[in-house]
file model_15.cif (mmCIF, C-alpha atoms)
data_run
#
loop_
_atom_site.label_atom_id
_atom_site.label_comp_id
_atom_site.auth_asym_id
_atom_site.auth_seq_id
_atom_site.Cartn_x
_atom_site.Cartn_y
_atom_site.Cartn_z
CA MET A 1 0.00 0.00 0.00
CA ASP A 2 1.14 3.52 -0.77
CA ALA A 3 0.37 6.79 1.00
CA TYR A 4 0.92 9.99 -0.94
CA LEU A 5 1.53 12.98 1.31
CA VAL A 6 1.05 16.26 -0.53
CA ARG A 7 1.71 19.77 0.65
CA HIS A 8 -0.73 22.30 -0.79
CA GLY A 9 0.45 24.60 -3.53
CA GLU A 10 1.65 28.15 -2.94
CA ALA A 11 -1.14 30.24 -1.43
CA LYS A 12 -1.95 33.92 -1.58
CA SER A 13 -0.86 35.94 1.42
CA GLU A 14 -3.33 36.71 4.16
CA ALA A 15 -3.12 40.39 3.13
CA GLU A 16 -4.34 39.46 -0.38
CA ASP A 17 -7.12 37.15 0.81
CA VAL A 18 -7.74 36.00 4.39
CA ARG A 19 -9.00 32.62 3.12
CA ARG A 20 -5.55 32.03 1.54
CA PRO A 21 -6.56 30.26 -1.70
CA LEU A 22 -3.92 29.08 -4.15
CA SER A 23 -1.98 31.73 -6.03
CA GLU A 24 -1.75 31.50 -9.81
CA ARG A 25 1.77 30.11 -9.43
CA GLY A 26 0.47 27.62 -6.86
CA ARG A 27 -2.19 26.36 -9.28
CA GLU A 28 0.36 26.01 -12.09
CA GLU A 29 2.79 24.07 -9.88
CA VAL A 30 0.11 21.69 -8.60
CA GLU A 31 -1.03 21.06 -12.18
CA ARG A 32 2.56 20.34 -13.25
CA VAL A 33 2.96 17.79 -10.45
CA ALA A 34 -0.48 16.27 -11.14
CA ARG A 35 0.31 15.86 -14.84
CA ALA A 36 3.60 14.13 -14.01
CA MET A 37 1.84 11.69 -11.66
CA ALA A 38 -0.88 10.98 -14.22
CA LYS A 39 1.81 10.26 -16.84
CA LYS A 40 3.29 7.68 -14.48
CA GLY A 41 -0.11 5.97 -14.30
CA LEU A 42 -0.42 6.63 -10.58
CA GLU A 43 -3.61 5.16 -9.12
CA VAL A 44 -5.18 6.69 -6.03
CA TYR A 45 -8.21 5.25 -4.26
CA GLN A 46 -9.20 8.46 -2.46
CA ILE A 47 -7.87 11.96 -1.80
CA PHE A 48 -8.27 13.46 1.67
CA HIS A 49 -7.69 17.16 2.31
CA SER A 50 -7.79 19.53 5.26
CA ASP A 51 -10.52 22.11 5.74
CA LYS A 52 -8.31 24.94 4.45
CA VAL A 53 -9.17 26.42 1.04
CA ARG A 54 -5.65 25.98 -0.34
CA ALA A 55 -5.62 22.26 0.50
CA LYS A 56 -9.08 21.70 -1.00
CA GLU A 57 -8.08 23.51 -4.21
CA THR A 58 -4.90 21.43 -4.42
CA ALA A 59 -6.93 18.24 -3.96
CA GLU A 60 -9.39 19.33 -6.67
CA ILE A 61 -6.57 19.80 -9.18
CA LEU A 62 -5.04 16.44 -8.27
CA ALA A 63 -8.43 14.70 -8.52
CA ARG A 64 -9.00 16.18 -11.98
CA PHE A 65 -5.81 14.54 -13.26
CA LEU A 66 -5.80 11.32 -11.17
CA SER A 67 -9.53 10.45 -11.03
CA PRO A 68 -9.49 8.69 -7.64
CA CYS A 69 -12.03 5.81 -7.39
CA LYS A 70 -13.69 7.24 -4.26
CA GLY A 71 -13.18 10.90 -5.13
CA MET A 72 -12.01 13.38 -2.55
CA CYS A 73 -13.24 14.49 0.85
CA GLU A 74 -12.37 16.71 3.77
CA PHE A 75 -10.61 14.88 6.58
CA LYS A 76 -10.31 16.14 10.14
CA GLY A 77 -6.73 15.58 11.19
CA LEU A 78 -4.78 17.16 8.32
CA GLY A 79 -4.58 20.71 9.64
CA PRO A 80 -1.23 22.41 10.26
CA GLU A 81 -1.14 21.67 13.99
CA ASP A 82 -3.18 18.43 14.08
CA ASP A 83 -1.92 15.31 15.79
CA PRO A 84 -0.31 13.02 13.15
CA LEU A 85 -1.73 9.99 14.98
CA ILE A 86 -5.16 10.82 13.53
CA ALA A 87 -3.97 10.36 9.95
CA THR A 88 -1.88 7.34 10.95
CA GLU A 89 -4.99 5.62 12.31
CA GLU A 90 -6.79 6.21 9.01
CA LEU A 91 -3.91 4.65 7.09
CA LYS A 92 -4.15 1.55 9.30
CA THR A 93 -7.79 0.99 8.31
CA THR A 94 -7.31 0.64 4.56
CA GLN A 95 -5.38 -1.45 2.07
CA ASN A 96 -5.95 1.11 -0.68
CA SER A 97 -3.58 3.85 -1.77
CA LEU A 98 -4.57 7.17 -0.23
CA MET A 99 -3.48 10.72 -0.91
CA MET A 100 -3.45 13.22 1.96
CA VAL A 101 -3.24 16.92 1.10
CA GLY A 102 -2.20 19.08 4.01
CA HIS A 103 0.23 21.54 5.54
CA LEU A 104 3.42 22.04 7.45
CA PRO A 105 4.36 21.25 10.13
CA HIS A 106 1.79 18.42 10.16
CA LEU A 107 3.01 16.59 7.03
CA GLY A 108 6.61 16.57 8.24
CA ARG A 109 5.52 15.21 11.60
CA LEU A 110 3.31 12.57 9.93
CA ALA A 111 6.13 11.41 7.62
CA SER A 112 8.51 11.23 10.56
CA LEU A 113 6.03 9.24 12.65
CA LEU A 114 5.43 6.72 9.86
CA VAL A 115 9.04 6.29 8.75
CA ALA A 116 11.03 6.83 11.95
CA GLY A 117 8.46 5.99 14.62
CA ASN A 118 8.30 9.43 16.21
CA SER A 119 6.77 12.72 15.15
CA HIS A 120 9.59 14.94 16.39
CA GLY A 121 12.26 14.26 13.78
CA LYS A 122 12.60 15.69 10.30
CA THR A 123 12.41 12.89 7.77
CA ILE A 124 11.83 14.87 4.58
CA ASP A 125 11.33 18.38 3.20
CA PHE A 126 7.97 19.42 1.79
CA PRO A 127 8.21 22.37 -0.59
CA ALA A 128 4.89 23.77 -1.81
CA ALA A 129 3.06 21.33 -4.15
CA ALA A 130 5.46 18.49 -3.30
CA VAL A 131 4.40 14.84 -3.13
CA VAL A 132 6.08 12.20 -1.00
CA CYS A 133 5.20 8.58 -1.69
CA LEU A 134 5.50 6.35 1.37
CA SER A 135 5.19 2.61 0.84
CA GLN A 136 4.21 0.15 3.53
CA ARG A 137 6.14 -3.10 3.39
CA ASN A 138 6.41 -5.77 6.08
CA GLY A 139 4.63 -3.59 8.62
CA GLY A 140 6.90 -0.57 8.19
CA TRP A 141 6.89 2.55 6.03
CA LYS A 142 9.66 3.84 3.78
CA VAL A 143 10.05 6.77 1.43
CA SER A 144 9.70 5.42 -2.12
CA TRP A 145 9.96 8.65 -4.09
CA THR A 146 9.36 12.38 -4.01
CA LEU A 147 8.14 14.80 -6.65
CA ASP A 148 8.07 18.57 -6.54
CA PRO A 149 7.33 21.24 -9.15
CA ALA A 150 11.02 21.72 -9.96
CA SER A 151 11.43 18.04 -10.86
CA ALA A 152 8.02 17.47 -12.50
#

call {"tool": "encode", "arguments": {"input": "model_15.cif", "output": "structure tokens"}}
result
Amino acid sequence: MDAYLVRHGEAKSEAEDVRRPLSERGREEVERVARAMAKKGLEVYQIFHSDKVRAKETAEILARFLSPCKGMCEFKGLGPEDDPLIATEELKTTQNSLMMVGHLPHLGRLASLLVAGNSHGKTIDFPAAAVVCLSQRNGGWKVSWTLDPASA
């Protein structure tokens, strides 16, 4: 099983829009990454996203290119300061590949918890619109690959 952890694309500043939707650059970078994943034939069962506008917009772009079987939905537990154990518990309940679109510092803490067993380390960087594929093998998780707008 694979888990795809995705940081939302670049957002507008709070001064521009307090809701902080994706900037034009953010949309373009998410689309570039989504196209690259679609070209690879990536299959995703469902896309979860936080309640923030920028994460939902990122998930919508990804869903348009990847057509997840179960679509996309908001998931409590992907906010910037949420406990990574919430998302970890969801990953334990499925055998299907899931995509989780969220924020820092949460995604870094979640990746560290899955790969290293604690949420306090720094396992991987998450630039805006980056995807980290974690694969579960023999009961453990490992980083399989990463993709960011610069490499897409």

call {"tool": "closest_residue", "arguments": {"input": "model_15.cif", "among": "A:Arg25, A:Val18, A:Leu98, A:Leu5", "to": "Pro84 (chain A)", "atoms": "all atoms listed in the file"}}
result
A:Leu5

call {"tool": "resolve_selection", "arguments": {"input": "model_15.cif", "expression": "the PyMOL selection byres ((chain A and resi 129) around 10)", "output": "ChimeraX atom specification"}}
result
/A:6-10,26-34,55,58,101-102,126-128,130-131,147-150

call {"tool": "atom_distance", "arguments": {"input": "model_15.cif", "atom1": "CA of Met99 (chain A)", "atom2": "CA of Lys12 (chain A)"}}
result
23.3 Å

call {"tool": "residues_around", "arguments": {"input": "model_15.cif", "residues": "Arg64 (chain A)", "least_positions_apart": "2", "cutoff": "12 Å", "atoms": "only C-alpha atoms", "output": "list in words"}}
result
Val30, Glu31, Ala34, Arg35, Met37, Ala38, Val44, Ile47, Glu57, Thr58, Ala59, Glu60, Ile61, Leu62, Leu66, Ser67, Pro68, Cys69, Gly71 and Met72 of chain A

call {"tool": "closest_residue", "arguments": {"input": "model_15.cif", "among": "A:Ser13, A:Thr146, A:Ser112, A:Gln95", "to": "Gln46 (chain A)", "atoms": "all atoms listed in the file"}}
result
A:Gln95

call {"tool": "atom_distance", "arguments": {"input": "model_15.cif", "atom1": "CA of Asp82 (chain A)", "atom2": "CA of Cys133 (chain A)"}}
result
20.4 Å

call {"tool": "resolve_selection", "arguments": {"input": "model_15.cif", "expression": "the PyMOL selection byres ((chain A and resi 115) around 8)", "output": "MDAnalysis selection string"}}
result
chainID A and resid 111:114 116:117 123 140:143

call {"tool": "closest_residue", "arguments": {"input": "model_15.cif", "among": "A:Ser144, A:Asn118, A:Ser50, A:Gln136", "to": "Met100 (chain A)", "atoms": "all atoms listed in the file"}}
result
A:Ser50

call {"tool": "closest_residue", "arguments": {"input": "model_15.cif", "among": "A:Lys122, A:Arg137, A:His103, A:Arg54", "to": "Asp2 (chain A)", "atoms": "all atoms listed in the file"}}
result
A:Arg137

call {"tool": "atom_distance", "arguments": {"input": "model_15.cif", "atom1": "CA of Ala3 (chain A)", "atom2": "CA of Val132 (chain A)"}}
result
8.1 Å

call {"tool": "closest_residue", "arguments": {"input": "model_15.cif", "among": "A:Leu42, A:Lys52, A:Asn138, A:Ala36", "to": "Ser151 (chain A)", "atoms": "all atoms listed in the file"}}
result
A:Ala36

call {"tool": "residues_around", "arguments": {"input": "model_15.cif", "residues": "Leu85 (chain A)", "least_positions_apart": "3", "cutoff": "10 Å", "atoms": "all atoms listed in the file", "output": "mmCIF file with C-alpha atoms, in the frame of the given file"}}
result
data_model
loop_
_atom_site.group_PDB
_atom_site.id
_atom_site.type_symbol
_atom_site.label_atom_id
_atom_site.label_comp_id
_atom_site.auth_asym_id
_atom_site.auth_seq_id
_atom_site.Cartn_x
_atom_site.Cartn_y
_atom_site.Cartn_z
ATOM 1 C CA GLY A 77 -6.730 15.580 11.190
ATOM 2 C CA ASP A 82 -3.180 18.430 14.080
ATOM 3 C CA THR A 88 -1.880 7.340 10.950
ATOM 4 C CA GLU A 89 -4.990 5.620 12.310
ATOM 5 C CA GLU A 90 -6.790 6.210 9.010
ATOM 6 C CA LEU A 91 -3.910 4.650 7.090
ATOM 7 C CA ARG A 109 5.520 15.210 11.600
ATOM 8 C CA LEU A 110 3.310 12.570 9.930
ATOM 9 C CA LEU A 113 6.030 9.240 12.650
ATOM 10 C CA LEU A 114 5.430 6.720 9.860
ATOM 11 C CA SER A 119 6.770 12.720 15.150
#

call {"tool": "residues_around", "arguments": {"input": "model_15.cif", "residues": "Asp51 (chain A)", "least_positions_apart": "6", "cutoff": "9 Å", "atoms": "only C-alpha atoms", "output": "ChimeraX atom specification"}}
result
/A:74-76,78-79

call {"tool": "closest_residue", "arguments": {"input": "model_15.cif", "among": "A:Ala15, A:Ala152, A:Met1, A:Leu104", "to": "Tyr45 (chain A)", "atoms": "all atoms listed in the file"}}
result
A:Met1

call {"tool": "axis_aligned_box", "arguments": {"input": "model_15.cif", "around": "region 22-34 of chain A", "padding_each_side": "5 Å", "output": "AutoDock Vina command-line options"}}
result
--center_x -0.5 --center_y 24.0 --center_z -8.7 --size_x 16.9 --size_y 25.5 --size_z 19.1
